[in-house]
Amino acid sequence: MEPIIKVEHLTKRYKNAAVAAVDDVSFEVEPGELFAFLGPNGAGKTTTISILTTTLSKTSGHAEIAGHDLDTDATGIRRNIGIIFQNPSVDQHLSAEENIRLHVGLYGIYSYRPLYRLMSAEYRERVERLASVVGLEGQLGSPLKNYSGGMKRKLEIVRSLMHKPRVLFLDEPTAGLDPVSRASLWEYLREVRQEEGTTVFLTTHYLDEAEDSDRVCVIDNGRISRLETPAELKRQLLERVVLLDAFDREGLIAELRRLGAQVGLDEDSGLVRVPFEGMTPQSLIARIETPLSVLRVSDPTLEEAYVALLRESYTETQEVAA
Ligand SMILES: Nc1ncnc2c1ncn2[C@@H]1O[C@H](COP(=O)(O)OP(=O)(O)OP(=O)(O)O)[C@@H](O)[C@H]1O
Ligand SMILES: [Mg+2]
């Protein structure tokens, strides 16, 4: 299958900046993928998204989305994408629904007509469906000056999802949303991904949102440092351990040592800790004869792996600087 997003040697140098915000970045995204684009503040995520969504010019490099070339066919790209911007760009002087209609008109999604009651039934159904997904039903007529920050965010989301795009760019889509709205948005996104095979390009600082992603791409100082599945990233960065205990703890420890295991004590839980790099936990557990009172196999989260990765790269930077 042809990748739906192709990025080659993309570079962005802002005017007067000493270093490039995005520095020779290349990657591909497969159709239908949930692609998590992660990195610390200032890493270059929004810059990359802005270029790919045709709202910012690049310095050099090449990009293609859904077969449309960024240099020659920005309109083709815009027709195939939806964006949730990091900084809401809603117009304060309009009502919420007028903001949606303006956006829809700009993107040529539904034929633009000036009055809500004259818009197609399809348009109205979609607006109402999406408003209920994020919990804005009945509030679309209000002027935006009466909206809270979270409500503006929700409006931004409704607007971005209006035209069932093939690729959705979500730049911290749930920042500032309450937990219920956040869960409901993710439920909806799962649904559109299933029903419509939508590709999702996600940036987030909530790592649990990237846990189910197909691949994680980590960008740091404008450069890609990792591009792996979450499972592979965890495998590379975190030690997998079995935590156990027995009423006869001394006996257990002695037995584990006889079996050649590297036995330690886990600081957090106070349990006996055995890393199992290179073997399955089952093969170790099956050989233990001491009756166990506790048995836990570590199930590390993406967040743990990510933090380990960033700490590692931070330490390396310090060492280079020293
Ligand atoms: N308009 C601009 N002019 C000059 N420099 C900019 C501009 N926008 C961003 N930068 C710089 O480019 C770098 C990357 O910024 P970017 O907004 O892409 O980061 P980000 O990964 O989205 O961070 P965050 O997680 O905080 O949103 C930063 O060093 C930032 O200071
Ligand atoms: Mg950003």
# chains A, B, ... in the order shown; residues from 1 in each chain; ligands from 1
>>> residues_near_ligand(ligand="ligand 2", cutoff="9 Å", atoms="only C-alpha atoms and all ligand atoms", output="list in words")
Asn41, Gly42, Ala43, Gly44, Lys45, Thr46, Thr47, Ile49, Phe85, Gln86, Asn87, Asp171, Glu172, Thr203 and Thr204 of chain A
>>> closest_atom_pairs(of="chain A", to="ligand 1", cutoff="12 Å", atoms="only C-alpha atoms and all ligand atoms", output="Markdown table")
| residue | atom | partner | partner_atom_place_in_ligand_line | distance |
| --- | --- | --- | --- | --- |
| A:Thr11 | CA | ligand 1 | 12 (O) | 11.3 |
| A:Lys12 | CA | ligand 1 | 12 (O) | 8.5 |
| A:Arg13 | CA | ligand 1 | 5 (N) | 8.1 |
| A:Tyr14 | CA | ligand 1 | 4 (C) | 4.9 |
| A:Lys15 | CA | ligand 1 | 4 (C) | 6.5 |
| A:Asn16 | CA | ligand 1 | 4 (C) | 7.7 |
| A:Ala17 | CA | ligand 1 | 4 (C) | 6.5 |
| A:Ala18 | CA | ligand 1 | 5 (N) | 9.7 |
| A:Val19 | CA | ligand 1 | 29 (O) | 8.3 |
| A:Ala20 | CA | ligand 1 | 12 (O) | 7.5 |
| A:Ala21 | CA | ligand 1 | 12 (O) | 4.4 |
| A:Val22 | CA | ligand 1 | 14 (C) | 7.1 |
| A:Asp23 | CA | ligand 1 | 14 (C) | 10.3 |
| A:Phe37 | CA | ligand 1 | 21 (O) | 9.1 |
| A:Leu38 | CA | ligand 1 | 21 (O) | 7.8 |
| A:Gly39 | CA | ligand 1 | 21 (O) | 6.0 |
| A:Pro40 | CA | ligand 1 | 25 (O) | 5.5 |
| A:Asn41 | CA | ligand 1 | 26 (O) | 3.3 |
| A:Gly42 | CA | ligand 1 | 19 (O) | 3.4 |
| A:Ala43 | CA | ligand 1 | 21 (O) | 3.7 |
| A:Gly44 | CA | ligand 1 | 18 (O) | 3.2 |
| A:Lys45 | CA | ligand 1 | 21 (O) | 3.7 |
| A:Thr46 | CA | ligand 1 | 22 (O) | 3.6 |
| A:Thr47 | CA | ligand 1 | 18 (O) | 3.7 |
| A:Thr48 | CA | ligand 1 | 18 (O) | 6.4 |
| A:Ile49 | CA | ligand 1 | 18 (O) | 8.0 |
| A:Ser50 | CA | ligand 1 | 18 (O) | 8.3 |
| A:Ile51 | CA | ligand 1 | 18 (O) | 10.0 |
| A:Thr55 | CA | ligand 1 | 1 (N) | 11.6 |
| A:Leu56 | CA | ligand 1 | 1 (N) | 9.3 |
| A:Ser57 | CA | ligand 1 | 1 (N) | 11.1 |
| A:Phe85 | CA | ligand 1 | 27 (O) | 10.3 |
| A:Gln86 | CA | ligand 1 | 27 (O) | 7.1 |
| A:Asn87 | CA | ligand 1 | 27 (O) | 9.2 |
| A:Leu170 | CA | ligand 1 | 22 (O) | 11.4 |
| A:Asp171 | CA | ligand 1 | 22 (O) | 7.9 |
| A:Glu172 | CA | ligand 1 | 27 (O) | 7.8 |
| A:Pro173 | CA | ligand 1 | 27 (O) | 11.3 |
| A:Ala175 | CA | ligand 1 | 27 (O) | 10.5 |
| A:Leu202 | CA | ligand 1 | 22 (O) | 11.4 |
| A:Thr203 | CA | ligand 1 | 25 (O) | 8.1 |
| A:Thr204 | CA | ligand 1 | 25 (O) | 7.8 |
| A:His205 | CA | ligand 1 | 25 (O) | 7.3 |
| A:Tyr206 | CA | ligand 1 | 25 (O) | 11.0 |
| A:Val218 | CA | ligand 1 | 21 (O) | 10.1 |
| A:Ile219 | CA | ligand 1 | 21 (O) | 7.8 |
| A:Asp220 | CA | ligand 1 | 21 (O) | 7.9 |
| A:Asn221 | CA | ligand 1 | 29 (O) | 7.6 |
| A:Gly222 | CA | ligand 1 | 14 (C) | 7.1 |
| A:Arg223 | CA | ligand 1 | 21 (O) | 10.7 |
| A:Ile224 | CA | ligand 1 | 21 (O) | 11.6 |
>>> write_last_selection(atoms="N, CA and C atoms", output="short mmCIF file (atom, residue, chain, number, x, y, z; two decimals), in the first residue's frame")
data_model
loop_
_atom_site.label_atom_id
_atom_site.label_comp_id
_atom_site.auth_asym_id
_atom_site.auth_seq_id
_atom_site.Cartn_x
_atom_site.Cartn_y
_atom_site.Cartn_z
N THR A 11 12.69 20.45 6.30
CA THR A 11 13.44 21.36 7.16
C THR A 11 12.72 22.69 7.25
N LYS A 12 12.64 23.24 8.48
CA LYS A 12 12.10 24.59 8.66
C LYS A 12 13.03 25.40 9.54
N ARG A 13 13.46 26.50 9.00
CA ARG A 13 14.28 27.43 9.76
C ARG A 13 13.47 28.72 9.84
N TYR A 14 13.05 29.10 11.05
CA TYR A 14 12.33 30.36 11.19
C TYR A 14 13.31 31.51 10.99
N LYS A 15 12.76 32.62 10.57
CA LYS A 15 13.61 33.80 10.33
C LYS A 15 14.41 34.14 11.58
N ASN A 16 15.66 34.44 11.42
CA ASN A 16 16.54 34.85 12.52
C ASN A 16 16.80 33.78 13.58
N ALA A 17 16.33 32.55 13.34
CA ALA A 17 16.56 31.50 14.33
C ALA A 17 17.95 30.90 14.11
N ALA A 18 18.62 30.60 15.23
CA ALA A 18 19.98 30.06 15.14
C ALA A 18 19.96 28.61 14.63
N VAL A 19 18.96 27.85 15.08
CA VAL A 19 18.88 26.45 14.65
C VAL A 19 17.55 26.18 13.97
N ALA A 20 17.52 25.11 13.19
CA ALA A 20 16.28 24.75 12.49
C ALA A 20 15.27 24.17 13.48
N ALA A 21 14.02 24.60 13.39
CA ALA A 21 12.96 24.07 14.26
C ALA A 21 12.61 22.64 13.85
N VAL A 22 12.67 22.38 12.53
CA VAL A 22 12.51 21.02 12.01
C VAL A 22 13.72 20.79 11.12
N ASP A 23 14.45 19.72 11.40
CA ASP A 23 15.78 19.58 10.84
C ASP A 23 15.93 18.26 10.08
N PHE A 37 2.92 11.45 17.18
CA PHE A 37 4.10 12.29 16.96
C PHE A 37 4.39 12.99 18.28
N LEU A 38 5.37 12.46 19.01
CA LEU A 38 5.59 12.92 20.37
C LEU A 38 6.91 13.65 20.51
N GLY A 39 6.98 14.50 21.51
CA GLY A 39 8.24 15.19 21.78
C GLY A 39 8.01 16.28 22.79
N PRO A 40 9.08 16.72 23.46
CA PRO A 40 8.95 17.75 24.49
C PRO A 40 8.53 19.10 23.90
N ASN A 41 8.21 20.05 24.74
CA ASN A 41 7.85 21.40 24.29
C ASN A 41 8.96 21.96 23.41
N GLY A 42 8.55 22.53 22.30
CA GLY A 42 9.53 23.16 21.41
C GLY A 42 10.27 22.19 20.50
N ALA A 43 9.84 20.93 20.46
CA ALA A 43 10.55 19.90 19.68
C ALA A 43 10.40 20.10 18.18
N GLY A 44 9.28 20.72 17.76
CA GLY A 44 9.04 20.91 16.32
C GLY A 44 7.77 20.24 15.82
N LYS A 45 6.93 19.82 16.73
CA LYS A 45 5.70 19.10 16.34
C LYS A 45 4.71 20.01 15.61
N THR A 46 4.38 21.13 16.23
CA THR A 46 3.42 22.04 15.60
C THR A 46 3.96 22.60 14.30
N THR A 47 5.26 22.87 14.28
CA THR A 47 5.88 23.36 13.04
C THR A 47 5.68 22.34 11.92
N THR A 48 5.95 21.06 12.21
CA THR A 48 5.77 20.01 11.20
C THR A 48 4.32 19.94 10.75
N ILE A 49 3.40 19.93 11.71
CA ILE A 49 1.97 19.85 11.36
C ILE A 49 1.55 21.06 10.54
N SER A 50 2.04 22.24 10.90
CA SER A 50 1.64 23.44 10.17
C SER A 50 2.10 23.36 8.72
N ILE A 51 3.28 22.83 8.50
CA ILE A 51 3.78 22.69 7.12
C ILE A 51 2.93 21.68 6.37
N THR A 55 -0.31 25.46 6.21
CA THR A 55 -0.48 26.78 6.81
C THR A 55 0.86 27.47 7.09
N LEU A 56 1.97 26.78 6.85
CA LEU A 56 3.29 27.38 7.08
C LEU A 56 4.21 26.92 5.96
N SER A 57 5.07 27.82 5.49
CA SER A 57 5.97 27.42 4.40
C SER A 57 7.17 26.67 4.96
N PHE A 85 -6.16 22.49 15.51
CA PHE A 85 -4.98 23.30 15.82
C PHE A 85 -4.70 23.31 17.30
N GLN A 86 -3.42 23.50 17.63
CA GLN A 86 -3.07 23.62 19.04
C GLN A 86 -3.65 24.90 19.63
N ASN A 87 -3.56 25.98 18.86
CA ASN A 87 -4.13 27.23 19.34
C ASN A 87 -5.44 27.49 18.62
N LEU A 170 -4.17 16.11 14.51
CA LEU A 170 -4.66 16.54 15.82
C LEU A 170 -3.49 17.02 16.66
N ASP A 171 -3.40 18.33 16.84
CA ASP A 171 -2.30 18.89 17.61
C ASP A 171 -2.78 19.13 19.04
N GLU A 172 -2.47 18.20 19.91
CA GLU A 172 -2.93 18.24 21.30
C GLU A 172 -4.44 18.46 21.38
N PRO A 173 -5.21 17.55 20.78
CA PRO A 173 -6.65 17.79 20.64
C PRO A 173 -7.39 17.84 21.97
N ALA A 175 -6.07 18.90 24.95
CA ALA A 175 -5.53 19.83 25.94
C ALA A 175 -6.65 20.75 26.42
N LEU A 202 -1.30 12.34 15.35
CA LEU A 202 -1.61 12.89 16.66
C LEU A 202 -0.38 13.42 17.39
N THR A 203 -0.47 14.61 17.95
CA THR A 203 0.52 14.98 18.96
C THR A 203 -0.22 15.13 20.28
N THR A 204 0.43 14.73 21.33
CA THR A 204 -0.19 14.85 22.64
C THR A 204 0.89 14.78 23.71
N HIS A 205 0.60 15.38 24.86
CA HIS A 205 1.48 15.20 26.01
C HIS A 205 0.84 14.23 26.99
N TYR A 206 -0.36 13.75 26.66
CA TYR A 206 -1.00 12.70 27.48
C TYR A 206 -0.65 11.36 26.86
N VAL A 218 9.20 9.89 17.79
CA VAL A 218 9.64 10.87 18.79
C VAL A 218 10.54 11.89 18.12
N ILE A 219 10.19 13.15 18.27
CA ILE A 219 10.99 14.24 17.72
C ILE A 219 11.54 15.06 18.88
N ASP A 220 12.81 15.43 18.75
CA ASP A 220 13.46 16.18 19.82
C ASP A 220 14.44 17.14 19.13
N ASN A 221 14.39 18.41 19.49
CA ASN A 221 15.24 19.41 18.83
C ASN A 221 15.16 19.35 17.31
N GLY A 222 13.95 19.12 16.80
CA GLY A 222 13.75 19.13 15.36
C GLY A 222 14.18 17.87 14.63
N ARG A 223 14.65 16.87 15.37
CA ARG A 223 15.10 15.63 14.72
C ARG A 223 14.36 14.42 15.27
N ILE A 224 14.13 13.46 14.40
CA ILE A 224 13.46 12.25 14.84
C ILE A 224 14.46 11.35 15.56
#
>>> residues_around(residues="Val133 in chain A", least_positions_apart="6", cutoff="7 Å", atoms="only C-alpha atoms", output="ChimeraX atom specification")
/A:184-185,188
>>> select_by_dssp(residues="range 116-314 of chain A", states="strand (DSSP E)", output="MDAnalysis selection string")
chainID A and resid 167:171 199:203 215:220 223:228 241:245 264:265 272:275 294:297
>>> atom_distance(atom1="CA of Gly141 in chain A", atom2="CA of Phe169 in chain A")
26.6 Å
>>> closest_atom_pairs(of="range 41-157 of chain A", to="range 191-200 of chain A", cutoff="12 Å", atoms="only C-alpha atoms", output="CSV")
residue,atom,partner,partner_atom,distance
A:Ile49,CA,A:Val200,CA,11.9
A:Ile65,CA,A:Thr199,CA,10.9
A:Ala66,CA,A:Thr199,CA,10.3
A:Asn80,CA,A:Thr198,CA,10.3
A:Ile81,CA,A:Thr199,CA,9.4
A:Gly82,CA,A:Val200,CA,9.6
A:Ile83,CA,A:Val200,CA,10.0
A:Ile84,CA,A:Val200,CA,11.1
A:Leu130,CA,A:Val192,CA,11.6
A:Val133,CA,A:Glu191,CA,11.3
>>> closest_residue(among="A:Ala96, A:Leu168, A:Ile157, A:Val242", to="Asp299 in chain A", atoms="only C-alpha atoms")
A:Val242
>>> select_by_dssp(residues="range 73-253 of chain A", states="alpha helix (DSSP H)", output="MDAnalysis selection string")
chainID A and resid 74:80 96:106 121:134 149:160 179:196 230:237 249:253
>>> closest_residue(among="A:Leu10, A:Glu28, A:Ile100, A:Arg249", to="Ser60 in chain A", atoms="only C-alpha atoms")
A:Leu10
>>> closest_residue(among="A:Phe201, A:Gln92, A:Leu189, A:Thr174", to="Ser148 in chain A", atoms="only C-alpha atoms")
A:Gln92
>>> closest_residue(among="A:Gly61, A:Glu2, A:Leu302, A:Ala121", to="Gln236 in chain A", atoms="only C-alpha atoms")
A:Leu302
>>> closest_residue(among="A:Asp71, A:Glu312, A:Val272, A:Arg226", to="Val297 in chain A", atoms="only C-alpha atoms")
A:Val272
>>> residues_around(residues="Leu94 in chain A", least_positions_apart="2", cutoff="9 Å", atoms="only C-alpha atoms", output="MDAnalysis selection string")
chainID A and resid 90:92 96:99 142:145
>>> closest_residue(among="A:Asp245, A:Glu209, A:Glu8, A:Asp178", to="Asp266 in chain A", atoms="only C-alpha atoms")
A:Asp245
>>> residues_around(residues="Asp69 in chain A", least_positions_apart="4", cutoff="12 Å", atoms="only C-alpha atoms", output="PDB file with C-alpha atoms, in the first residue's frame")
ATOM      1  CA  ILE A   4      -0.765   8.307   2.794  1.00  0.00           C
ATOM      2  CA  ILE A   5       1.799  10.752   4.195  1.00  0.00           C
ATOM      3  CA  LYS A   6       5.322  10.943   2.793  1.00  0.00           C
ATOM      4  CA  VAL A   7       7.828  13.366   4.262  1.00  0.00           C
ATOM      5  CA  GLU A   8      11.368  13.626   2.914  1.00  0.00           C
ATOM      6  CA  LEU A  52       1.940  19.467   6.311  1.00  0.00           C
ATOM      7  CA  THR A  53      -1.417  21.186   6.629  1.00  0.00           C
ATOM      8  CA  THR A  54      -0.280  23.957   4.258  1.00  0.00           C
ATOM      9  CA  GLY A  61      12.324  19.153   1.676  1.00  0.00           C
ATOM     10  CA  HIS A  62       9.381  17.390   0.175  1.00  0.00           C
ATOM     11  CA  ALA A  63       5.966  16.191   1.369  1.00  0.00           C
ATOM     12  CA  GLU A  64       3.007  14.399  -0.127  1.00  0.00           C
ATOM     13  CA  ILE A  65      -0.398  13.698   1.406  1.00  0.00           C
ATOM     14  CA  ASP A  73      -1.168  20.853  -5.072  1.00  0.00           C
ATOM     15  CA  ALA A  74      -1.848  22.413  -1.673  1.00  0.00           C
ATOM     16  CA  THR A  75      -5.553  22.576  -2.504  1.00  0.00           C
ATOM     17  CA  GLY A  76      -5.608  18.818  -3.078  1.00  0.00           C
ATOM     18  CA  ILE A  77      -4.068  18.350   0.356  1.00  0.00           C
ATOM     19  CA  ARG A  78      -6.523  20.689   2.060  1.00  0.00           C
TER      20      ARG A  78
END
>>> atom_distance(atom1="CA of Val294 in chain A", atom2="CA of Leu252 in chain A")
11.5 Å
